[in-house]
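I have placed the structure first, in the form of structure tokens, so that the comments after it can refer back to it.
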Amino acid sequence: MQTVTISPKYQVVIPKEIRKALHLVPGEKLQVFYYQHRLEFVPMKDIKKMRGFLKGIDTQIERDQDRT
């Protein structure tokens with residue numbers, strides 16, 4: 001687990017290991033959520049770049065009897 005410090009301007013630096021793992025680049029936008037007393041940062045990806053990211057996902061699910 002990484003620790004960050006809030007600067008006097010309320011800025012934080014995302015640790016290098018996390019930036020590399022998420023392929024973050026300078027200028028990229030993140031959505032910020034407050035959820036259950038914590039902050040969550042979610043990278044905003046261009047919809048065109050998201051094309052095909054679910055390729056190969058298992059779409060077989062067990063359906064309820066009344067939904068067949």
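Residue numbers start at 1 in each chain; chains themselves are named A, B, ... in the order of the structure tokens; ligands are numbered from 1 in the order shown.
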
Region 41-44 of chain A surroundings by only C-alpha atoms, 8 Å radius, close-in-sequence under 6 positions cut, as number ranges by chain:
A: 24, 28-33

As a PyMOL selection string, please: every residue in chain A that a backbone DSSP assignment puts in alpha helix (DSSP H).
chain A and resi 16-22

Which of these, A:Lys45, A:His37, A:Lys55, A:Arg63, has the shortest distance to His23 (chain A) once you count only C-alpha atoms?
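Once distances to His23 (chain A) are computed over only C-alpha atoms, the minimum belongs to A:Lys45.
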
Where does DSSP see strand (DSSP E or B) in region 14-64 of chain A, if you list the residues as a short mmCIF file (atom, residue, chain, number, x, y, z; two decimals) with C-alpha atoms, in the first residue's frame?
```cif
data_model
loop_
_atom_site.label_atom_id
_atom_site.label_comp_id
_atom_site.auth_asym_id
_atom_site.auth_seq_id
_atom_site.Cartn_x
_atom_site.Cartn_y
_atom_site.Cartn_z
CA LEU A 30 -9.91 11.01 -13.66
CA GLN A 31 -13.40 10.88 -12.19
CA VAL A 32 -13.39 11.25 -8.41
CA PHE A 33 -16.04 9.65 -6.22
CA TYR A 34 -16.68 9.89 -2.50
CA TYR A 35 -17.91 6.46 -1.43
CA ARG A 38 -13.10 7.10 0.94
CA LEU A 39 -12.06 8.65 -2.36
CA GLU A 40 -12.05 6.60 -5.55
CA PHE A 41 -10.30 7.76 -8.71
CA VAL A 42 -11.46 6.22 -11.99
CA PRO A 43 -9.61 6.97 -15.25
#
```

Take CA of Gly52 (chain A) and CA of Glu17 (chain A) and report the distance between them in Å, one decimal.
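Taking CA of Gly52 (chain A) as the start and CA of Glu17 (chain A) as the end point, the length is 26.0 Å.
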
Pick out the residues sitting within 12 Å of Thr3 (chain A), and hand them over as a PyMOL selection string; count only C-alpha atoms, and ignore anything fewer than 4 positions along from it in its own chain.
chain A and resi 12-16+18

Save out the residues we just selected, C-alpha atoms, as an mmCIF file, in the first residue's frame.
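The resulting file, out_39.cif, is shown below:
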```cif
data_model
loop_
_atom_site.group_PDB
_atom_site.id
_atom_site.type_symbol
_atom_site.label_atom_id
_atom_site.label_comp_id
_atom_site.auth_asym_id
_atom_site.auth_seq_id
_atom_site.Cartn_x
_atom_site.Cartn_y
_atom_site.Cartn_z
ATOM 1 C CA VAL A 12 -1.550 14.600 -4.419
ATOM 2 C CA VAL A 13 0.980 12.701 -6.511
ATOM 3 C CA ILE A 14 -0.108 9.300 -7.803
ATOM 4 C CA PRO A 15 2.736 6.873 -7.066
ATOM 5 C CA LYS A 16 4.784 5.768 -10.088
ATOM 6 C CA ILE A 18 0.176 2.886 -9.856
#
```
